[in-house]
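The structure appears below as structure tokens.
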Amino acid sequence: MESCYLMMDVGGTGIKAGLFSRSGEMVERVRSFPARAKEGREEIFRNFACIIQEMAKDRMVEGIGMAFPGPFDYEKGISLMRGLDKYDSVYGIPVREGVMEQLERIGKTESVARGCRFLFLHDVEAFAIGACRQGRMAGCKKVMCVCIGTGAGSAFVENGRVVKKAGGGVPENGWIYNTPYKESVIDDYVSVRGLKRLTESVFARPEAVDGAKLFELAEAGSDEAAKVFAAFGENVSEALTPFLKSFRPQGLVLGGQIAKSFPHFGMQLREVCRHTGTAVFTEPDTSIRAMEGLYAAMERVTGAK
């Protein structure tokens, strides 16, 4: 039976999964599954088990990597999400045990090797490792990664390792989201809700304009959309500038769906990066990079290759 490694980018709405060979090659296209994150404990873990079963088919899964948003105890593999409208029912429960229990119940433990290693990473950390290993930042000594979504996720990488200790321009844990900015913190401005608030201040009917529609309007030459993105770009640039100047990365990688709109909001940030000598790139599809990062981390702890 062929051995493989299964990597999952776990979100609150959907889960993306990919299979990797022992040599690190993706052996099948990435597949998407519903997260069922609002369901009960048993249903959530059964969903993970069914994904493993469906992805493995006739292969033997030697290791499973899972990228989760926080709060999460990544060392112990325990979700600490509560009151976030996702995964509340598995709060404090070891994910590995819950998944293995459901695999036994559906009679599919033969898909998973005895002693199968489970590995858990913060989703942005996994993305950063993948971006520095396989993306255009491969080989760069210092890289800053920012994923703009429900919040401002971030990671700082130096010599291929994610830096979590504060110092040298890196905030504690490498997280910029709670850094004071304007009237609150960066998370309130460099995020979907930050963009939404700007949209509400410009459009007469903001409820009809989500991020995708805003991008569409900007592409069509809308003055209102251009105004929103200009203000958003100013916030992004001002929020990231202190870190770019102190950490001095060779590269800045922006991920998340909003990154697709970078041509409309990135002018000021590009200018800052020009002065700091930082190359800036976007990775709108963060899931593949996150899965590559998970595999790289798995390789380090298990010697997968």
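In the structure tokens, chains take letters A, B, ... by order of appearance, with residues numbered from 1 within each chain and ligands from 1 in the order shown.
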- Neighbours of Leu103 in chain A within 10 Å (only C-alpha atoms; same-chain residues fewer than 2 positions away dropped), as a list in words? Phe45, Arg46, Asn47, Phe48, Ala49, Cys50, Ile52, Gln53, Glu97, Gly98, Val99, Met100, Glu101, Arg105, Ile106, Gly107, Lys108, Thr109, Glu110, Ser111 and Val112 of chain A
Can those selected residues be exported to a file as a compact mmCIF listing (two decimals), in the first residue's frame so that it contains C-alpha atoms?
# COMPACT_ATOMS: atom_id res chain seq x y z
CA PHE A 45 -14.66 14.85 14.37
CA ARG A 46 -16.61 12.52 12.07
CA ASN A 47 -16.25 15.11 9.33
CA PHE A 48 -12.46 15.08 9.73
CA ALA A 49 -12.48 11.27 9.71
CA CYS A 50 -14.55 11.16 6.51
CA ILE A 52 -9.23 11.37 5.75
CA GLN A 53 -11.08 8.32 4.41
CA GLU A 97 -8.15 11.36 19.86
CA GLY A 98 -11.48 12.67 18.58
CA VAL A 99 -10.59 11.93 14.95
CA MET A 100 -9.17 8.47 15.66
CA GLU A 101 -12.29 7.57 17.65
CA ARG A 105 -16.49 3.98 14.49
CA ILE A 106 -16.75 4.15 10.71
CA GLY A 107 -14.36 1.20 10.40
CA LYS A 108 -11.67 3.00 8.43
CA THR A 109 -8.62 2.81 10.66
CA GLU A 110 -6.84 0.81 7.95
CA SER A 111 -6.38 4.10 6.10
CA VAL A 112 -4.16 5.41 8.90
Please report, as a tab-separated table, each residue of range 120-152 of chain A lying at most 6 Å from range 241-257 of chain A, together with the nearest pair of atoms and the separation in Å rounded to one decimal; use only C-alpha atoms, and order rows by chain and ascending residue number.
residue	atom	partner	partner_atom	distance
A:Lys142	CA	A:Pro249	CA	4.7
A:Val143	CA	A:Gly251	CA	4.8
A:Met144	CA	A:Leu252	CA	4.9
A:Cys145	CA	A:Val253	CA	4.7
A:Val146	CA	A:Leu254	CA	5.0
A:Cys147	CA	A:Gly255	CA	4.3
A:Ile148	CA	A:Gly256	CA	5.3
A:Gly149	CA	A:Gly256	CA	5.9
- Item | Residues near Gln134 in chain A, cut-off 8 Å, only C-alpha atoms, skip fewer than 4 positions along chain, as a PyMOL selection string | chain A and resi 130+138+289+292
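Minimum distance to Met298 in chain A across A:Ala56, A:Ala212, A:Ile93, A:Leu121 (counting only C-alpha atoms) occurs at A:Leu121.
Around Val192 in chain A, within 6 Å and counting only C-alpha atoms, the residues found are Gly149, Thr150, Gly194 and Leu195 of chain A, once anything fewer than 2 positions away on its own chain is removed.
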- Message: I'd like the contact shell of Gly11 in chain A - 10 Å cut-off, only C-alpha atoms, skipping same-chain residues fewer than 6 positions apart - returned as a VMD selection string.
- Response: chain A and resid 34 to 37 67 to 69 86 to 87 123 287
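Using only C-alpha atoms, the residues found no farther than 6 Å from range 229-239 of chain A, other than those of its own chain fewer than 2 positions away, are Val190, Ala226, Lys227, Thr241, Phe265, Gly266 and Leu269 of chain A.
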Save the residues we just selected, C-alpha atoms, as a PDB file, in the first residue's frame?
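Saved the output as result24.pdb:
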ATOM      1  CA  VAL A 190      -6.311  45.685   8.318  1.00  0.00           C
ATOM      2  CA  ALA A 226     -11.118  53.612  -5.679  1.00  0.00           C
ATOM      3  CA  LYS A 227     -11.726  55.901  -2.689  1.00  0.00           C
ATOM      4  CA  THR A 241       5.612  50.348   8.049  1.00  0.00           C
ATOM      5  CA  PHE A 265      -4.735  49.418  -2.566  1.00  0.00           C
ATOM      6  CA  GLY A 266      -1.023  48.655  -2.660  1.00  0.00           C
ATOM      7  CA  LEU A 269       2.825  50.047   0.593  1.00  0.00           C
TER       8      LEU A 269
END
When DSSP is applied to the backbone of this structure, which of range 94-164 of chain A are assigned strand (DSSP E)? Write them out as a PDB file with N, CA, C and O atoms, in the first residue's frame.
ATOM      1  N   VAL A 112      -5.131   4.665   8.107  1.00  0.00           N
ATOM      2  CA  VAL A 112      -4.165   5.412   8.903  1.00  0.00           C
ATOM      3  C   VAL A 112      -3.162   4.449   9.531  1.00  0.00           C
ATOM      4  O   VAL A 112      -3.546   3.466  10.175  1.00  0.00           O
ATOM      5  N   ALA A 113      -1.889   4.734   9.338  1.00  0.00           N
ATOM      6  CA  ALA A 113      -0.845   3.861   9.859  1.00  0.00           C
ATOM      7  C   ALA A 113      -0.852   3.859  11.387  1.00  0.00           C
ATOM      8  O   ALA A 113      -1.204   4.855  12.021  1.00  0.00           O
ATOM      9  N   ARG A 114      -0.476   2.734  11.951  1.00  0.00           N
ATOM     10  CA  ARG A 114      -0.328   2.663  13.407  1.00  0.00           C
ATOM     11  C   ARG A 114       0.752   3.660  13.824  1.00  0.00           C
ATOM     12  O   ARG A 114       1.843   3.690  13.265  1.00  0.00           O
ATOM     13  N   GLY A 115       0.465   4.497  14.770  1.00  0.00           N
ATOM     14  CA  GLY A 115       1.429   5.515  15.181  1.00  0.00           C
ATOM     15  C   GLY A 115       1.457   6.719  14.254  1.00  0.00           C
ATOM     16  O   GLY A 115       2.427   7.493  14.271  1.00  0.00           O
ATOM     17  N   CYS A 116       0.413   6.892  13.453  1.00  0.00           N
ATOM     18  CA  CYS A 116       0.326   8.043  12.542  1.00  0.00           C
ATOM     19  C   CYS A 116       0.556   9.338  13.315  1.00  0.00           C
ATOM     20  O   CYS A 116      -0.073   9.585  14.340  1.00  0.00           O
ATOM     21  N   ARG A 117       1.460  10.171  12.805  1.00  0.00           N
ATOM     22  CA  ARG A 117       1.804  11.422  13.479  1.00  0.00           C
ATOM     23  C   ARG A 117       0.817  12.522  13.087  1.00  0.00           C
ATOM     24  O   ARG A 117       0.559  12.753  11.917  1.00  0.00           O
ATOM     25  N   PHE A 118       0.252  13.176  14.100  1.00  0.00           N
ATOM     26  CA  PHE A 118      -0.574  14.368  13.876  1.00  0.00           C
ATOM     27  C   PHE A 118       0.269  15.594  14.223  1.00  0.00           C
ATOM     28  O   PHE A 118       0.955  15.615  15.249  1.00  0.00           O
ATOM     29  N   LEU A 119       0.209  16.609  13.382  1.00  0.00           N
ATOM     30  CA  LEU A 119       0.967  17.836  13.608  1.00  0.00           C
ATOM     31  C   LEU A 119       0.030  19.020  13.413  1.00  0.00           C
ATOM     32  O   LEU A 119      -0.762  19.046  12.458  1.00  0.00           O
ATOM     33  N   PHE A 120       0.116  20.015  14.306  1.00  0.00           N
ATOM     34  CA  PHE A 120      -0.776  21.163  14.252  1.00  0.00           C
ATOM     35  C   PHE A 120       0.029  22.458  14.200  1.00  0.00           C
ATOM     36  O   PHE A 120       0.998  22.624  14.951  1.00  0.00           O
ATOM     37  N   LEU A 121      -0.378  23.362  13.323  1.00  0.00           N
ATOM     38  CA  LEU A 121       0.271  24.664  13.203  1.00  0.00           C
ATOM     39  C   LEU A 121      -0.776  25.762  13.084  1.00  0.00           C
ATOM     40  O   LEU A 121      -1.885  25.513  12.584  1.00  0.00           O
ATOM     41  N   HIS A 122      -0.408  26.939  13.506  1.00  0.00           N
ATOM     42  CA  HIS A 122      -1.234  28.119  13.239  1.00  0.00           C
ATOM     43  C   HIS A 122      -1.312  28.273  11.719  1.00  0.00           C
ATOM     44  O   HIS A 122      -0.310  28.079  11.010  1.00  0.00           O
ATOM     45  N   LYS A 142      15.160  36.835   5.384  1.00  0.00           N
ATOM     46  CA  LYS A 142      14.134  37.375   6.281  1.00  0.00           C
ATOM     47  C   LYS A 142      12.882  37.712   5.479  1.00  0.00           C
ATOM     48  O   LYS A 142      12.949  38.437   4.485  1.00  0.00           O
ATOM     49  N   VAL A 143      11.740  37.198   5.933  1.00  0.00           N
ATOM     50  CA  VAL A 143      10.470  37.395   5.236  1.00  0.00           C
ATOM     51  C   VAL A 143       9.375  37.699   6.260  1.00  0.00           C
ATOM     52  O   VAL A 143       9.313  37.077   7.315  1.00  0.00           O
ATOM     53  N   MET A 144       8.534  38.652   5.913  1.00  0.00           N
ATOM     54  CA  MET A 144       7.357  38.962   6.723  1.00  0.00           C
ATOM     55  C   MET A 144       6.124  38.546   5.936  1.00  0.00           C
ATOM     56  O   MET A 144       6.005  38.865   4.754  1.00  0.00           O
ATOM     57  N   CYS A 145       5.224  37.818   6.574  1.00  0.00           N
ATOM     58  CA  CYS A 145       3.998  37.364   5.916  1.00  0.00           C
ATOM     59  C   CYS A 145       2.788  37.916   6.648  1.00  0.00           C
ATOM     60  O   CYS A 145       2.730  37.877   7.879  1.00  0.00           O
ATOM     61  N   VAL A 146       1.842  38.426   5.885  1.00  0.00           N
ATOM     62  CA  VAL A 146       0.602  38.963   6.456  1.00  0.00           C
ATOM     63  C   VAL A 146      -0.576  38.430   5.661  1.00  0.00           C
ATOM     64  O   VAL A 146      -0.608  38.555   4.434  1.00  0.00           O
ATOM     65  N   CYS A 147      -1.528  37.812   6.348  1.00  0.00           N
ATOM     66  CA  CYS A 147      -2.759  37.327   5.715  1.00  0.00           C
ATOM     67  C   CYS A 147      -3.907  38.219   6.167  1.00  0.00           C
ATOM     68  O   CYS A 147      -4.206  38.289   7.360  1.00  0.00           O
ATOM     69  N   ILE A 148      -4.537  38.885   5.223  1.00  0.00           N
ATOM     70  CA  ILE A 148      -5.629  39.806   5.543  1.00  0.00           C
ATOM     71  C   ILE A 148      -6.957  39.101   5.292  1.00  0.00           C
ATOM     72  O   ILE A 148      -7.313  38.799   4.157  1.00  0.00           O
ATOM     73  N   ALA A 152      -5.840  40.383  10.939  1.00  0.00           N
ATOM     74  CA  ALA A 152      -4.517  40.546  10.337  1.00  0.00           C
ATOM     75  C   ALA A 152      -3.583  39.478  10.896  1.00  0.00           C
ATOM     76  O   ALA A 152      -2.905  39.680  11.907  1.00  0.00           O
ATOM     77  N   GLY A 153      -3.555  38.318  10.254  1.00  0.00           N
ATOM     78  CA  GLY A 153      -2.658  37.246  10.668  1.00  0.00           C
ATOM     79  C   GLY A 153      -1.250  37.537  10.182  1.00  0.00           C
ATOM     80  O   GLY A 153      -1.066  38.088   9.091  1.00  0.00           O
ATOM     81  N   SER A 154      -0.248  37.174  10.966  1.00  0.00           N
ATOM     82  CA  SER A 154       1.126  37.496  10.570  1.00  0.00           C
ATOM     83  C   SER A 154       2.117  36.460  11.062  1.00  0.00           C
ATOM     84  O   SER A 154       1.853  35.712  12.003  1.00  0.00           O
ATOM     85  N   ALA A 155       3.267  36.437  10.389  1.00  0.00           N
ATOM     86  CA  ALA A 155       4.379  35.577  10.798  1.00  0.00           C
ATOM     87  C   ALA A 155       5.663  36.184  10.261  1.00  0.00           C
ATOM     88  O   ALA A 155       5.673  36.755   9.163  1.00  0.00           O
ATOM     89  N   PHE A 156       6.728  36.052  11.038  1.00  0.00           N
ATOM     90  CA  PHE A 156       8.041  36.558  10.652  1.00  0.00           C
ATOM     91  C   PHE A 156       8.980  35.358  10.522  1.00  0.00           C
ATOM     92  O   PHE A 156       9.064  34.527  11.430  1.00  0.00           O
ATOM     93  N   VAL A 157       9.668  35.271   9.404  1.00  0.00           N
ATOM     94  CA  VAL A 157      10.539  34.122   9.138  1.00  0.00           C
ATOM     95  C   VAL A 157      11.980  34.597   8.952  1.00  0.00           C
ATOM     96  O   VAL A 157      12.238  35.562   8.213  1.00  0.00           O
ATOM     97  N   GLU A 158      12.898  33.928   9.621  1.00  0.00           N
ATOM     98  CA  GLU A 158      14.317  34.226   9.470  1.00  0.00           C
ATOM     99  C   GLU A 158      15.083  32.918   9.330  1.00  0.00           C
ATOM    100  O   GLU A 158      14.940  32.017  10.150  1.00  0.00           O
ATOM    101  N   ARG A 161      13.033  29.712   9.551  1.00  0.00           N
ATOM    102  CA  ARG A 161      12.341  29.397  10.793  1.00  0.00           C
ATOM    103  C   ARG A 161      11.414  30.544  11.191  1.00  0.00           C
ATOM    104  O   ARG A 161      11.774  31.713  11.062  1.00  0.00           O
ATOM    105  N   VAL A 162      10.244  30.197  11.693  1.00  0.00           N
ATOM    106  CA  VAL A 162       9.305  31.206  12.162  1.00  0.00           C
ATOM    107  C   VAL A 162       9.793  31.738  13.501  1.00  0.00           C
ATOM    108  O   VAL A 162      10.074  30.976  14.430  1.00  0.00           O
ATOM    109  N   VAL A 163       9.898  33.067  13.594  1.00  0.00           N
ATOM    110  CA  VAL A 163      10.386  33.722  14.815  1.00  0.00           C
ATOM    111  C   VAL A 163       9.194  34.106  15.685  1.00  0.00           C
ATOM    112  O   VAL A 163       8.287  34.808  15.233  1.00  0.00           O
TER     113      VAL A 163
END
- Record the distance separating CA of Glu25 in chain A and CA of Ser3 in chain A, expressed in Å with one decimal. 12.2 Å
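Proximity to Ser222 in chain A was assessed for A:Gln102, A:Ile15, A:Ala166, A:Val202 counting only C-alpha atoms; the smallest distance is recorded for A:Val202.
Between CA of Phe127 in chain A and CA of Trp175 in chain A there is a distance of 14.0 Å.
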